[in-house]
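Just data-v4.tsv here, TSV, C-alpha atoms:
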chain	number	residue	atom	x	y	z
A	1	MET	CA	-65.39	58.01	-105.01
A	2	ALA	CA	-68.69	56.34	-105.71
A	3	THR	CA	-68.48	52.94	-107.35
A	4	LEU	CA	-69.47	52.97	-110.98
A	5	ALA	CA	-70.87	50.04	-112.86
A	6	PRO	CA	-67.95	48.37	-114.63
A	7	THR	CA	-69.75	48.36	-117.98
A	8	ALA	CA	-71.10	51.89	-117.87
A	9	ARG	CA	-69.36	54.78	-119.52
A	10	THR	CA	-68.94	57.79	-117.34
A	11	ALA	CA	-70.54	61.19	-117.85
A	12	PRO	CA	-68.86	64.54	-118.40
A	13	ILE	CA	-67.16	66.30	-115.53
A	14	ALA	CA	-70.29	68.02	-114.19
A	15	GLU	CA	-71.97	64.65	-113.58
A	16	VAL	CA	-68.81	62.96	-112.38
A	17	THR	CA	-68.13	65.51	-109.65
A	18	ALA	CA	-71.64	64.99	-108.28
A	19	HIS	CA	-70.63	61.43	-107.27
A	20	LEU	CA	-67.30	62.44	-105.76
A	21	PRO	CA	-66.61	63.58	-102.20
A	22	PRO	CA	-65.98	67.31	-101.83
A	23	ALA	CA	-62.45	68.64	-101.89
A	24	ARG	CA	-60.80	69.86	-98.71
A	25	PRO	CA	-62.71	73.05	-97.93
A	26	MET	CA	-61.11	76.04	-99.62
A	27	ARG	CA	-57.57	74.84	-99.04
A	28	PHE	CA	-55.38	76.04	-101.90
A	29	ALA	CA	-58.58	76.85	-103.75
A	30	VAL	CA	-56.61	78.70	-106.43
A	31	LEU	CA	-55.22	75.34	-107.61
A	32	ARG	CA	-58.59	73.66	-108.04
A	33	HIS	CA	-58.95	74.53	-111.71
A	34	VAL	CA	-55.30	74.23	-112.73
A	35	GLY	CA	-55.85	71.37	-115.13
A	36	PRO	CA	-53.43	69.55	-117.43
A	37	ASN	CA	-54.27	72.08	-120.17
A	38	TRP	CA	-51.94	74.54	-118.42
A	39	TYR	CA	-48.97	72.59	-119.76
A	40	ALA	CA	-49.90	74.00	-123.17
A	41	SER	CA	-48.51	77.36	-122.08
A	42	VAL	CA	-45.15	75.71	-121.38
A	43	MET	CA	-45.12	73.99	-124.76
A	44	GLY	CA	-46.10	77.16	-126.55
A	45	THR	CA	-43.31	79.12	-124.91
A	46	ALA	CA	-40.56	76.55	-125.40
A	47	ILE	CA	-41.35	76.14	-129.10
A	48	VAL	CA	-40.70	79.85	-129.69
A	49	ALA	CA	-37.09	79.39	-128.55
A	50	SER	CA	-36.59	76.16	-130.51
A	51	ALA	CA	-38.19	77.54	-133.67
A	52	GLY	CA	-36.08	80.70	-133.48
A	53	ALA	CA	-32.92	78.62	-133.23
A	54	ALA	CA	-33.98	76.49	-136.23
A	55	LEU	CA	-34.68	79.34	-138.66
A	56	PRO	CA	-32.89	78.76	-142.01
A	57	THR	CA	-31.32	82.21	-142.08
A	58	GLU	CA	-28.21	80.83	-143.83
A	59	SER	CA	-30.35	79.97	-146.86
A	60	LEU	CA	-31.10	83.68	-147.18
A	61	GLY	CA	-27.45	84.70	-147.01
A	62	PHE	CA	-27.40	85.69	-143.32
A	63	ALA	CA	-25.59	84.31	-140.30
A	64	GLY	CA	-27.05	81.41	-138.37
A	65	PRO	CA	-29.86	82.37	-135.98
A	66	MET	CA	-27.77	81.78	-132.87
A	67	ASP	CA	-24.98	83.92	-134.34
A	68	VAL	CA	-27.29	86.95	-134.45
A	69	PRO	CA	-26.94	88.58	-130.99
A	70	VAL	CA	-30.49	89.93	-130.79
A	71	LEU	CA	-32.14	86.70	-131.91
A	72	ARG	CA	-29.87	84.63	-129.69
A	73	ALA	CA	-30.68	86.77	-126.64
A	74	ALA	CA	-34.39	86.54	-127.40
A	75	CYS	CA	-34.28	82.74	-127.76
A	76	VAL	CA	-32.30	82.34	-124.54
A	77	THR	CA	-34.74	84.57	-122.65
A	78	VAL	CA	-37.79	82.67	-123.90
A	79	TRP	CA	-36.10	79.34	-123.12
A	80	ALA	CA	-35.40	80.45	-119.54
A	81	LEU	CA	-39.01	81.59	-119.23
A	82	SER	CA	-40.27	78.21	-120.46
A	83	ALA	CA	-38.09	76.38	-117.92
A	84	LEU	CA	-39.46	78.58	-115.13
A	85	MET	CA	-43.02	78.04	-116.33
A	86	LEU	CA	-42.50	74.27	-116.41
A	87	THR	CA	-41.33	74.32	-112.81
A	88	LEU	CA	-44.27	76.44	-111.68
A	89	VAL	CA	-46.90	74.44	-113.55
A	90	LEU	CA	-45.48	71.13	-112.32
A	91	ALA	CA	-45.61	72.43	-108.74
A	92	ALA	CA	-49.19	73.67	-109.24
A	93	ARG	CA	-50.27	70.34	-110.69
A	94	VAL	CA	-48.72	68.43	-107.78
A	95	GLY	CA	-50.62	70.72	-105.42
A	96	HIS	CA	-53.77	70.12	-107.45
A	97	TRP	CA	-53.47	66.35	-107.01
A	98	ILE	CA	-52.72	66.68	-103.29
A	99	HIS	CA	-55.42	69.17	-102.33
A	100	HIS	CA	-58.08	68.61	-105.00
A	101	ARG	CA	-57.87	64.92	-105.73
A	102	ASP	CA	-61.59	64.71	-106.45
A	103	GLN	CA	-61.23	67.26	-109.24
A	104	ALA	CA	-58.09	65.57	-110.56
A	105	ARG	CA	-59.90	62.24	-110.80
A	106	ALA	CA	-62.86	63.93	-112.43
A	107	HIS	CA	-60.49	65.36	-115.06
A	108	LEU	CA	-59.41	61.84	-115.97
A	109	LEU	CA	-63.04	60.83	-116.37
A	110	ASP	CA	-63.92	63.84	-118.55
A	111	PRO	CA	-63.38	63.18	-122.29
A	112	SER	CA	-62.84	66.91	-122.88
A	113	VAL	CA	-60.04	67.17	-120.28
A	114	ALA	CA	-58.29	63.80	-120.15
A	115	PRO	CA	-56.60	64.22	-123.57
A	116	PHE	CA	-54.67	67.20	-122.18
A	117	TYR	CA	-52.49	64.77	-120.22
A	118	GLY	CA	-50.57	64.49	-123.48
A	119	CYS	CA	-49.53	68.10	-122.89
A	120	LEU	CA	-47.52	67.05	-119.83
A	121	ALA	CA	-45.33	64.86	-122.01
A	122	MET	CA	-44.95	67.52	-124.69
A	123	ALA	CA	-44.09	70.20	-122.13
A	124	LEU	CA	-41.26	68.06	-120.76
A	125	LEU	CA	-40.04	67.25	-124.26
A	126	ALA	CA	-40.29	70.83	-125.55
A	127	VAL	CA	-38.33	72.32	-122.65
A	128	GLY	CA	-35.75	69.54	-122.89
A	129	GLY	CA	-35.27	70.10	-126.61
A	130	ALA	CA	-34.99	73.86	-126.15
A	131	THR	CA	-32.44	73.33	-123.40
A	132	LEU	CA	-30.18	71.40	-125.76
A	133	THR	CA	-30.51	73.79	-128.69
A	134	VAL	CA	-30.70	77.13	-126.84
A	135	GLY	CA	-30.00	76.60	-123.16
A	136	ARG	CA	-26.55	75.17	-123.91
A	137	TYR	CA	-25.34	78.72	-124.51
A	138	VAL	CA	-26.13	79.50	-120.87
A	139	ILE	CA	-25.55	76.33	-118.85
A	140	GLY	CA	-23.00	74.60	-121.08
A	141	GLU	CA	-23.23	71.65	-123.41
A	142	ASN	CA	-22.75	68.87	-120.84
A	143	ALA	CA	-25.43	70.22	-118.49
A	144	ALA	CA	-27.79	70.82	-121.41
A	145	VAL	CA	-27.37	67.23	-122.63
A	146	ALA	CA	-28.01	65.89	-119.12
A	147	VAL	CA	-31.17	67.99	-118.70
A	148	ASP	CA	-32.47	67.06	-122.12
A	149	ALA	CA	-31.77	63.35	-121.54
A	150	VAL	CA	-33.79	63.39	-118.31
A	151	LEU	CA	-36.69	65.40	-119.74
A	152	PHE	CA	-36.69	63.43	-123.00
A	153	THR	CA	-36.83	60.10	-121.13
A	154	ALA	CA	-39.56	61.30	-118.77
A	155	GLY	CA	-41.55	62.96	-121.54
A	156	THR	CA	-41.35	59.92	-123.80
A	157	LEU	CA	-42.50	57.55	-121.06
A	158	VAL	CA	-45.38	59.85	-120.11
A	159	GLY	CA	-46.27	60.33	-123.78
A	160	LEU	CA	-46.37	56.62	-124.56
A	161	THR	CA	-48.44	56.01	-121.44
A	162	ALA	CA	-50.90	58.75	-122.38
A	163	ALA	CA	-51.12	57.46	-125.96
A	164	VAL	CA	-52.49	54.19	-124.56
A	165	ALA	CA	-54.25	55.24	-121.35
A	166	VAL	CA	-56.31	58.13	-122.68
A	167	PRO	CA	-57.79	56.26	-125.69
A	168	TYR	CA	-58.46	53.35	-123.32
A	169	LEU	CA	-60.42	55.63	-120.99
A	170	MET	CA	-62.30	57.12	-123.93
A	171	VAL	CA	-63.34	53.64	-125.05
A	172	VAL	CA	-64.29	52.02	-121.75
A	173	ARG	CA	-65.10	54.88	-119.35
A	174	HIS	CA	-65.97	58.06	-121.25
A	175	ARG	CA	-69.30	58.66	-122.96
A	176	VAL	CA	-68.67	60.35	-126.28
A	177	ARG	CA	-70.84	61.04	-129.30
A	178	PRO	CA	-69.88	61.85	-132.90
A	179	ALA	CA	-70.65	65.50	-132.17
A	180	ASP	CA	-68.02	65.47	-129.41
A	181	ALA	CA	-65.14	64.77	-131.80
A	182	SER	CA	-62.54	67.47	-131.27
A	183	PRO	CA	-58.94	68.25	-132.27
A	184	VAL	CA	-58.17	67.90	-128.55
A	185	TRP	CA	-58.37	64.14	-129.11
A	186	LEU	CA	-55.07	64.38	-131.00
A	187	LEU	CA	-53.07	65.53	-127.96
A	188	PRO	CA	-52.27	62.11	-126.44
A	189	VAL	CA	-51.26	60.52	-129.74
A	190	VAL	CA	-49.13	63.42	-130.99
A	191	ALA	CA	-46.83	63.30	-127.95
A	192	PRO	CA	-44.79	60.34	-129.35
A	193	MET	CA	-44.30	62.37	-132.54
A	194	VAL	CA	-42.63	65.09	-130.48
A	195	SER	CA	-40.29	62.43	-129.08
A	196	ALA	CA	-39.57	61.27	-132.63
A	197	ALA	CA	-38.68	64.83	-133.66
A	198	LEU	CA	-36.49	65.66	-130.66
A	199	GLY	CA	-34.82	62.29	-130.08
A	200	PRO	CA	-32.33	62.64	-132.97
A	201	ALA	CA	-30.64	65.58	-131.21
A	202	LEU	CA	-29.44	63.18	-128.50
A	203	ILE	CA	-28.10	60.54	-130.90
A	204	PRO	CA	-24.61	62.08	-131.29
A	205	TYR	CA	-24.12	61.86	-127.51
A	206	LEU	CA	-24.71	58.09	-127.43
A	207	PRO	CA	-22.00	55.46	-128.03
A	208	ALA	CA	-21.58	54.68	-131.72
A	209	GLY	CA	-23.19	51.51	-132.99
A	210	GLN	CA	-26.17	49.76	-131.44
A	211	TRP	CA	-27.17	52.57	-129.06
A	212	ARG	CA	-27.45	55.17	-131.78
A	213	GLU	CA	-29.23	52.88	-134.19
A	214	ALA	CA	-31.67	51.75	-131.48
A	215	LEU	CA	-32.67	55.34	-130.66
A	216	LEU	CA	-33.00	56.22	-134.35
A	217	LEU	CA	-35.28	53.27	-135.08
A	218	ALA	CA	-37.22	53.84	-131.85
A	219	CYS	CA	-37.90	57.38	-133.05
A	220	TYR	CA	-39.08	56.07	-136.40
A	221	ALA	CA	-41.38	53.64	-134.55
A	222	MET	CA	-42.86	56.51	-132.53
A	223	PHE	CA	-43.24	58.48	-135.76
A	224	GLY	CA	-45.29	55.63	-137.22
A	225	LEU	CA	-47.28	55.13	-134.02
A	226	SER	CA	-48.30	58.77	-133.90
A	227	LEU	CA	-48.87	59.16	-137.63
A	228	LEU	CA	-51.21	56.17	-137.96
A	229	ALA	CA	-53.14	57.17	-134.84
A	230	THR	CA	-53.50	60.69	-136.22
A	231	LEU	CA	-54.78	59.35	-139.54
A	232	THR	CA	-57.53	57.43	-137.72
A	233	LEU	CA	-58.67	60.53	-135.82
A	234	LEU	CA	-58.52	63.22	-138.50
A	235	PRO	CA	-61.51	61.87	-140.48
A	236	LEU	CA	-63.59	61.91	-137.28
A	237	ILE	CA	-62.62	65.52	-136.57
A	238	PHE	CA	-63.25	66.80	-140.09
A	239	GLY	CA	-66.43	64.76	-140.37
A	240	ARG	CA	-67.71	66.31	-137.16
A	241	LEU	CA	-67.15	69.81	-138.59
A	242	LEU	CA	-68.97	68.96	-141.81
A	243	THR	CA	-71.96	67.26	-140.19
A	244	HIS	CA	-72.37	69.25	-136.96
A	245	GLY	CA	-71.04	72.67	-137.85
A	246	PRO	CA	-68.42	74.89	-136.19
A	247	LEU	CA	-67.02	74.23	-132.73
A	248	PRO	CA	-68.32	76.33	-129.82
A	249	LEU	CA	-66.67	79.76	-129.82
A	250	ALA	CA	-64.41	79.10	-126.81
A	251	LEU	CA	-63.11	75.88	-128.40
A	252	THR	CA	-62.49	77.26	-131.89
A	253	PRO	CA	-58.72	77.83	-131.31
A	254	ALA	CA	-58.42	74.06	-130.83
A	255	LEU	CA	-58.66	73.72	-134.62
A	256	PHE	CA	-55.01	74.77	-134.73
A	257	LEU	CA	-54.09	71.57	-132.86
A	258	VAL	CA	-54.41	69.65	-136.14
A	259	LEU	CA	-51.26	71.45	-137.30
A	260	GLY	CA	-49.30	69.77	-134.51
A	261	PRO	CA	-48.94	66.25	-135.93
A	262	LEU	CA	-48.55	67.65	-139.45
A	263	GLY	CA	-45.72	70.07	-138.69
A	264	GLN	CA	-44.10	67.81	-136.11
A	265	SER	CA	-44.04	64.80	-138.42
A	266	THR	CA	-42.43	66.92	-141.14
A	267	THR	CA	-39.85	68.07	-138.60
A	268	ALA	CA	-39.30	64.50	-137.40
A	269	VAL	CA	-38.53	62.97	-140.80
A	270	GLY	CA	-36.04	65.76	-141.51
A	271	HIS	CA	-34.21	65.36	-138.20
A	272	LEU	CA	-34.19	61.58	-138.50
A	273	ALA	CA	-32.81	61.66	-142.04
A	274	ARG	CA	-29.96	63.95	-140.97
A	275	SER	CA	-29.12	61.62	-138.08
A	276	ALA	CA	-29.16	58.44	-140.14
A	277	PRO	CA	-25.58	58.56	-141.51
A	278	ASP	CA	-24.11	58.49	-137.99
A	279	SER	CA	-26.58	55.95	-136.67
A	280	LEU	CA	-27.06	53.20	-139.27
A	281	THR	CA	-23.66	51.58	-138.95
A	282	SER	CA	-24.60	47.97	-138.19
A	283	ALA	CA	-25.31	47.02	-141.79
A	284	SER	CA	-22.81	46.83	-144.64
A	285	PRO	CA	-21.57	50.13	-146.11
A	286	ALA	CA	-23.60	49.56	-149.26
A	287	SER	CA	-26.79	48.88	-147.31
A	288	THR	CA	-26.18	51.87	-145.07
A	289	ALA	CA	-25.73	54.14	-148.08
A	290	SER	CA	-28.98	52.92	-149.61
A	291	TYR	CA	-30.86	53.44	-146.33
A	292	VAL	CA	-29.49	56.95	-145.92
A	293	SER	CA	-30.39	57.88	-149.49
A	294	ALA	CA	-33.91	56.48	-149.08
A	295	LEU	CA	-34.48	58.33	-145.81
A	296	ASP	CA	-33.27	61.61	-147.32
A	297	ALA	CA	-35.72	61.19	-150.18
A	298	PHE	CA	-38.52	60.20	-147.81
A	299	ALA	CA	-37.99	63.35	-145.73
A	300	VAL	CA	-38.73	65.51	-148.78
A	301	LEU	CA	-41.35	63.33	-150.46
A	302	TYR	CA	-43.30	63.08	-147.21
A	303	GLY	CA	-42.63	66.54	-145.82
A	304	VAL	CA	-43.63	68.68	-148.80
A	305	PRO	CA	-47.15	67.21	-149.30
A	306	VAL	CA	-47.86	67.17	-145.56
A	307	LEU	CA	-46.68	70.76	-145.18
A	308	GLY	CA	-48.99	71.66	-148.07
A	309	PHE	CA	-51.94	70.12	-146.24
A	310	ALA	CA	-50.85	71.94	-143.07
A	311	LEU	CA	-51.06	75.26	-144.91
A	312	LEU	CA	-54.52	74.35	-146.18
A	313	TRP	CA	-55.65	73.55	-142.63
A	314	LEU	CA	-53.99	76.73	-141.33
A	315	ALA	CA	-56.07	78.79	-143.74
A	316	LEU	CA	-59.28	76.94	-142.79
A	317	ALA	CA	-58.59	77.23	-139.05
A	318	ALA	CA	-57.70	80.93	-139.36
A	319	ALA	CA	-60.97	81.60	-141.21
A	320	MET	CA	-62.92	79.81	-138.47
A	321	VAL	CA	-61.10	81.82	-135.79
A	322	VAL	CA	-61.90	85.11	-137.55
A	323	ARG	CA	-65.53	84.04	-137.65
A	324	ALA	CA	-65.46	83.19	-133.94
A	325	VAL	CA	-63.79	86.49	-133.03
A	326	ARG	CA	-66.50	88.40	-134.87
A	327	ARG	CA	-69.04	86.53	-132.75
A	328	GLY	CA	-67.33	87.37	-129.46
A	329	MET	CA	-64.88	84.50	-128.85
A	330	PRO	CA	-63.65	84.95	-125.25
A	331	PHE	CA	-60.09	84.49	-124.08
A	332	SER	CA	-59.34	81.12	-122.51
A	333	MET	CA	-56.40	78.78	-122.19
A	334	THR	CA	-57.40	77.30	-125.56
A	335	TRP	CA	-55.69	80.33	-127.13
A	336	TRP	CA	-52.38	78.57	-126.48
A	337	ALA	CA	-53.35	76.28	-129.35
A	338	PHE	CA	-52.18	79.13	-131.61
A	339	THR	CA	-48.55	78.58	-130.52
A	340	PHE	CA	-47.05	75.10	-130.38
A	341	PRO	CA	-48.77	73.71	-133.51
A	342	VAL	CA	-47.65	76.71	-135.57
A	343	GLY	CA	-44.15	76.31	-134.13
A	344	THR	CA	-43.97	72.76	-135.46
A	345	CYS	CA	-44.76	74.10	-138.92
A	346	VAL	CA	-41.91	76.60	-138.53
A	347	THR	CA	-39.42	73.82	-137.76
A	348	GLY	CA	-40.89	71.59	-140.47
A	349	ALA	CA	-40.54	74.28	-143.13
A	350	ALA	CA	-37.04	75.10	-141.87
A	351	GLY	CA	-36.03	71.45	-142.16
A	352	LEU	CA	-37.30	71.26	-145.72
A	353	ALA	CA	-35.47	74.48	-146.56
A	354	HIS	CA	-32.22	72.94	-145.31
A	355	ALA	CA	-32.87	69.69	-147.20
A	356	THR	CA	-33.84	71.25	-150.52
A	357	GLY	CA	-32.07	74.62	-150.48
A	358	LEU	CA	-35.32	76.20	-151.67
A	359	ILE	CA	-35.44	79.87	-150.68
A	360	ALA	CA	-39.24	79.91	-150.81
A	361	LEU	CA	-39.34	77.42	-147.95
A	362	ALA	CA	-36.94	79.59	-145.95
A	363	TYR	CA	-39.24	82.58	-146.38
A	364	LEU	CA	-42.22	80.40	-145.44
A	365	SER	CA	-40.47	79.40	-142.23
A	366	LEU	CA	-39.73	83.04	-141.39
A	367	THR	CA	-43.32	84.07	-142.11
A	368	LEU	CA	-44.70	81.33	-139.89
A	369	PHE	CA	-42.23	82.34	-137.17
A	370	VAL	CA	-43.56	85.89	-137.23
A	371	LEU	CA	-47.08	84.47	-136.88
A	372	LEU	CA	-45.88	82.25	-134.01
A	373	THR	CA	-44.26	85.07	-132.05
A	374	ALA	CA	-47.31	87.29	-132.48
A	375	ALA	CA	-49.64	84.52	-131.29
A	376	TRP	CA	-47.35	83.74	-128.35
A	377	ALA	CA	-47.17	87.39	-127.30
A	378	VAL	CA	-50.97	87.67	-127.30
A	379	ALA	CA	-51.56	84.38	-125.45
A	380	TRP	CA	-48.83	85.08	-122.87
A	381	THR	CA	-49.99	88.65	-122.23
A	382	ARG	CA	-53.63	87.65	-121.85
A	383	THR	CA	-52.69	84.77	-119.55
A	384	VAL	CA	-50.60	87.01	-117.29
A	385	ARG	CA	-53.42	89.56	-117.23
A	386	GLY	CA	-55.86	86.81	-116.24
A	387	LEU	CA	-53.59	85.61	-113.44
A	388	VAL	CA	-53.10	89.13	-112.07
A	389	SER	CA	-56.82	89.93	-112.21
A	390	GLY	CA	-57.81	86.61	-110.66
A	391	ALA	CA	-59.83	85.52	-113.70
A	392	LEU	CA	-57.35	82.65	-114.10
A	393	PRO	CA	-57.30	79.95	-113.03
A	394	ALA	CA	-61.04	79.56	-113.07
A	395	ALA	CA	-63.52	76.89	-113.94
A	396	PRO	CA	-63.68	76.57	-117.73
A	397	PRO	CA	-66.93	77.72	-119.31
A	398	VAL	CA	-69.41	75.06	-120.23
A	399	PRO	CA	-69.70	75.15	-124.04
A	400	GLY	CA	-73.07	75.43	-125.64
A	401	PRO	CA	-74.66	72.68	-127.73
A	402	ALA	CA	-72.16	71.44	-130.27
A	403	THR	CA	-74.65	69.98	-132.71
A	404	ALA	CA	-76.41	73.09	-133.93
A	405	ARG	CA	-75.02	75.21	-136.71
A	406	THR	CA	-75.01	78.96	-136.08
A	407	ARG	CA	-75.46	81.70	-138.61
As structure tokens - that is how I would like this structure written.
Amino acid sequence: MATLAPTARTAPIAEVTAHLPPARPMRFAVLRHVGPNWYASVMGTAIVASAGAALPTESLGFAGPMDVPVLRAACVTVWALSALMLTLVLAARVGHWIHHRDQARAHLLDPSVAPFYGCLAMALLAVGGATLTVGRYVIGENAAVAVDAVLFTAGTLVGLTAAVAVPYLMVVRHRVRPADASPVWLLPVVAPMVSAALGPALIPYLPAGQWREALLLACYAMFGLSLLATLTLLPLIFGRLLTHGPLPLALTPALFLVLGPLGQSTTAVGHLARSAPDSLTSASPASTASYVSALDAFAVLYGVPVLGFALLWLALAAAMVVRAVRRGMPFSMTWWAFTFPVGTCVTGAAGLAHATGLIALAYLSLTLFVLLTAAWAVAWTRTVRGLVSGALPAAPPVPGPATARTR
């Protein structure tokens, strides 16, 4: 790779590849454009299983979701599919790095692609979490805990690395303008929030005392890390929309990515509050009781307003997508943005329904789940059709100018 001046920011991928040696001629050419964004399909599939298992059906007077044979079979099937997809995408990405290293390096130097490395962490975490909640009915509890522990550890380490490495690259190597601000920038920093939401499920399998409390507080630390990073990026994203107009048509689905940190943080505080009584045992009983009470209150006082903002953004993003569809928005892998972020809102609303007993929140969770399954079915079908036809994987389209408003 050509040496770049240490103080110069690098150009987008089209310019970067011009300075790189060519890939091995046509060897495994089908893998050349399998970028880190393909992990989004794994995340979007796994969240369907996890969200289905979390539905607050008991609040509506029905049996638990995993006690309903049809729903249980559907969740298990989707979980198995997500595990298979994770294996295939991991293998494809390894092949990509082996046979198309020039393209892989160019992805890291492209500010529109590098943030998708956060999807690797979230794919590992999502499949691990679904294995513990759904896969246990197939492979057994012990095996499910072991799989989730491995995937949670790997996903958390990758997520924390991406949360530092990708912003570092954007600061010192990428060349970005205010008009380039995109919801995609949230992907690296939201990965630790997924760890914060899924970590509490492993707490009961740790030794009582210091181990449980350490994981609980580590999850709260990752919650804070991700939340504060998200709060620094959201004004840039919304400001870009107000000052530079809508995103290019092909990128419009990315607006749904903003729902990810909102729904996932609501899910995280609910899961953490429910795990606190069995984890905070080092302090005195009186102190522990006060902590538990405070965390229960925080889960509701934080979750309800954030979920309200998530619904506002959902309406705005949906309106922008309708506008883009009317103008000929093409199918691309960005359509997977319709899945995982909405799934986090399903689990967030379900957690609030459990915490408050409010039936309206239970119905909201069910409604969002219907939206999630419909979006997943469309994205999965179109992706399979693209793979069969050969249209996928292909080089992503180059978006038009992002600074001009369109009628």
Counting only C-alpha atoms, figure out which residue out of A:Thr347, A:Ser389, A:Thr339, A:Thr252 gets nearest to A:Val322. A:Thr252
What is the atom CA of A:Val30 to atom CA of A:Ala391 distance in Å?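 Atom-to-atom, atom CA of A:Val30 and atom CA of A:Ala391 are spaced 10.5 Å apart.
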Just how far from atom CA of A:Val325 is atom CA of A:Phe309, in Å to one decimal? 24.1 Å
Skipping near chain neighbours, those fewer than 3 positions away, what residues fall within 9 Å of stretch 116-122 of chain A using all atoms listed in the file, listed as a PyMOL selection string? chain A and resi 35-40+42-43+90+108+112-113+125-127+151-152+154-163+166+184-192+194-195
Those same residues - C-alpha atoms - I'd like them written as a short mmCIF file (atom, residue, chain, number, x, y, z; two decimals), in the frame of the given file.
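For reference, selection.cif as written:
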data_model
loop_
_atom_site.label_atom_id
_atom_site.label_comp_id
_atom_site.auth_asym_id
_atom_site.auth_seq_id
_atom_site.Cartn_x
_atom_site.Cartn_y
_atom_site.Cartn_z
CA GLY A 35 -55.85 71.37 -115.13
CA PRO A 36 -53.43 69.55 -117.43
CA ASN A 37 -54.27 72.08 -120.17
CA TRP A 38 -51.94 74.54 -118.42
CA TYR A 39 -48.97 72.59 -119.76
CA ALA A 40 -49.90 74.00 -123.17
CA VAL A 42 -45.15 75.71 -121.38
CA MET A 43 -45.12 73.99 -124.76
CA LEU A 90 -45.48 71.13 -112.32
CA LEU A 108 -59.41 61.84 -115.97
CA SER A 112 -62.84 66.91 -122.88
CA VAL A 113 -60.04 67.17 -120.28
CA LEU A 125 -40.04 67.25 -124.26
CA ALA A 126 -40.29 70.83 -125.55
CA VAL A 127 -38.33 72.32 -122.65
CA LEU A 151 -36.69 65.40 -119.74
CA PHE A 152 -36.69 63.43 -123.00
CA ALA A 154 -39.56 61.30 -118.77
CA GLY A 155 -41.55 62.96 -121.54
CA THR A 156 -41.35 59.92 -123.80
CA LEU A 157 -42.50 57.55 -121.06
CA VAL A 158 -45.38 59.85 -120.11
CA GLY A 159 -46.27 60.33 -123.78
CA LEU A 160 -46.37 56.62 -124.56
CA THR A 161 -48.44 56.01 -121.44
CA ALA A 162 -50.90 58.75 -122.38
CA ALA A 163 -51.12 57.46 -125.96
CA VAL A 166 -56.31 58.13 -122.68
CA VAL A 184 -58.17 67.90 -128.55
CA TRP A 185 -58.37 64.14 -129.11
CA LEU A 186 -55.07 64.38 -131.00
CA LEU A 187 -53.07 65.53 -127.96
CA PRO A 188 -52.27 62.11 -126.44
CA VAL A 189 -51.26 60.52 -129.74
CA VAL A 190 -49.13 63.42 -130.99
CA ALA A 191 -46.83 63.30 -127.95
CA PRO A 192 -44.79 60.34 -129.35
CA VAL A 194 -42.63 65.09 -130.48
CA SER A 195 -40.29 62.43 -129.08
#
Skip stretch 201-217 of chain A itself and residues of its chain fewer than 5 positions away, then list as a CSV table (one decimal) with C-alpha atoms, in the frame of the given file all residues within 6 Å of it, counting all atoms listed in the file.
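Okay, result_36.csv is ready:
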chain,number,residue,atom,x,y,z
A,279,SER,CA,-26.6,56.0,-136.7
A,280,LEU,CA,-27.1,53.2,-139.3
A,281,THR,CA,-23.7,51.6,-139.0
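Here atom CA of A:Ala355 stands at a distance of 23.0 Å from atom CA of A:Leu314.
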Applying 9 Å and only C-alpha atoms, which residues near A:Phe223 remain after dropping the ones on its own chain fewer than 3 positions away? List them as a ChimeraX atom specification. /A:192-197,218-220,226-228,265,268-269
Quick one: residues within 8 Å of A:Pro330, all atoms listed in the file counted, chain neighbours fewer than 2 positions away excluded, as number ranges by chain? A: 249-250, 325, 328, 332
Nearest-residue call for A:Ala179, choices A:Ala273, A:Leu236, A:Leu225, A:Ala130, using only C-alpha atoms: A:Leu236
Pick from A:Ala114, A:Leu231, A:Val164, A:Val134 nearest to A:Arg72, counting all atoms listed in the file: A:Val134
For A:Val176, find every residue with an atom within 8 Å (counting all atoms listed in the file), except residues of its own chain fewer than 5 positions away, and show them as a PDB file with C-alpha atoms, in the coordinates of the input.
ATOM      1  CA  PRO A 111     -63.380  63.180-122.290  1.00  0.00           C
ATOM      2  CA  MET A 170     -62.300  57.120-123.930  1.00  0.00           C
ATOM      3  CA  ALA A 181     -65.140  64.770-131.800  1.00  0.00           C
TER       4      ALA A 181
END
Report as a Markdown table the residues of stretch 157-267 of chain A within 12 Å of stretch 358-375 of chain A, each with its shortest atom pair and distance in Å (one decimal), using all atoms listed in the file, ordered by chain and increasing residue number.
| residue | atom | partner | partner_atom | distance |
| --- | --- | --- | --- | --- |
| A:Pro253 | CA | A:Ala375 | CA | 11.3 |
| A:Phe256 | CA | A:Ala375 | CA | 11.7 |
| A:Gly263 | CA | A:Ser365 | CA | 11.3 |
| A:Thr267 | CA | A:Ser365 | CA | 11.9 |
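The closest residue to A:Trp313, picked from A:Trp79, A:Phe28, A:Phe62, A:Phe238 and counting all atoms listed in the file, is A:Phe238.
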Axis-aligned box for all listed atoms of stretch 36-49 of chain A, 4 Å per side, centre and edges in Å to one decimal, as lines of an AutoDock Vina configuration file:
center_x = -45.7
center_y = 74.7
center_z = -123.6
size_x = 25.2
size_y = 18.3
size_z = 20.3
Can you work out which one of A:Ala394, A:Leu31, A:Ala294, A:Leu60 has the shortest atom-to-atom distance to A:Gly357, counting all atoms listed in the file? A:Leu60
Have a look at A:Val147, A:Leu109, A:Leu311, A:Leu124 and name the one nearest to A:Tyr168; count all atoms listed in the file.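 Ranked by minimum distance to A:Tyr168, first place goes to A:Leu109.
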Show me the residues close to (-46.7, 78.3, -128.3) - anything with an atom within 10 Å, counting only C-alpha atoms - and format the list as a list in words. Ala40, Ser41, Val42, Met43, Gly44, Thr45, Ala46, Ile47, Val48, Ala49, Trp335, Trp336, Ala337, Phe338, Thr339, Phe340, Pro341, Val342, Gly343, Thr344, Leu372, Thr373, Ala374, Ala375, Trp376, Ala377, Ala379 and Trp380 of chain A
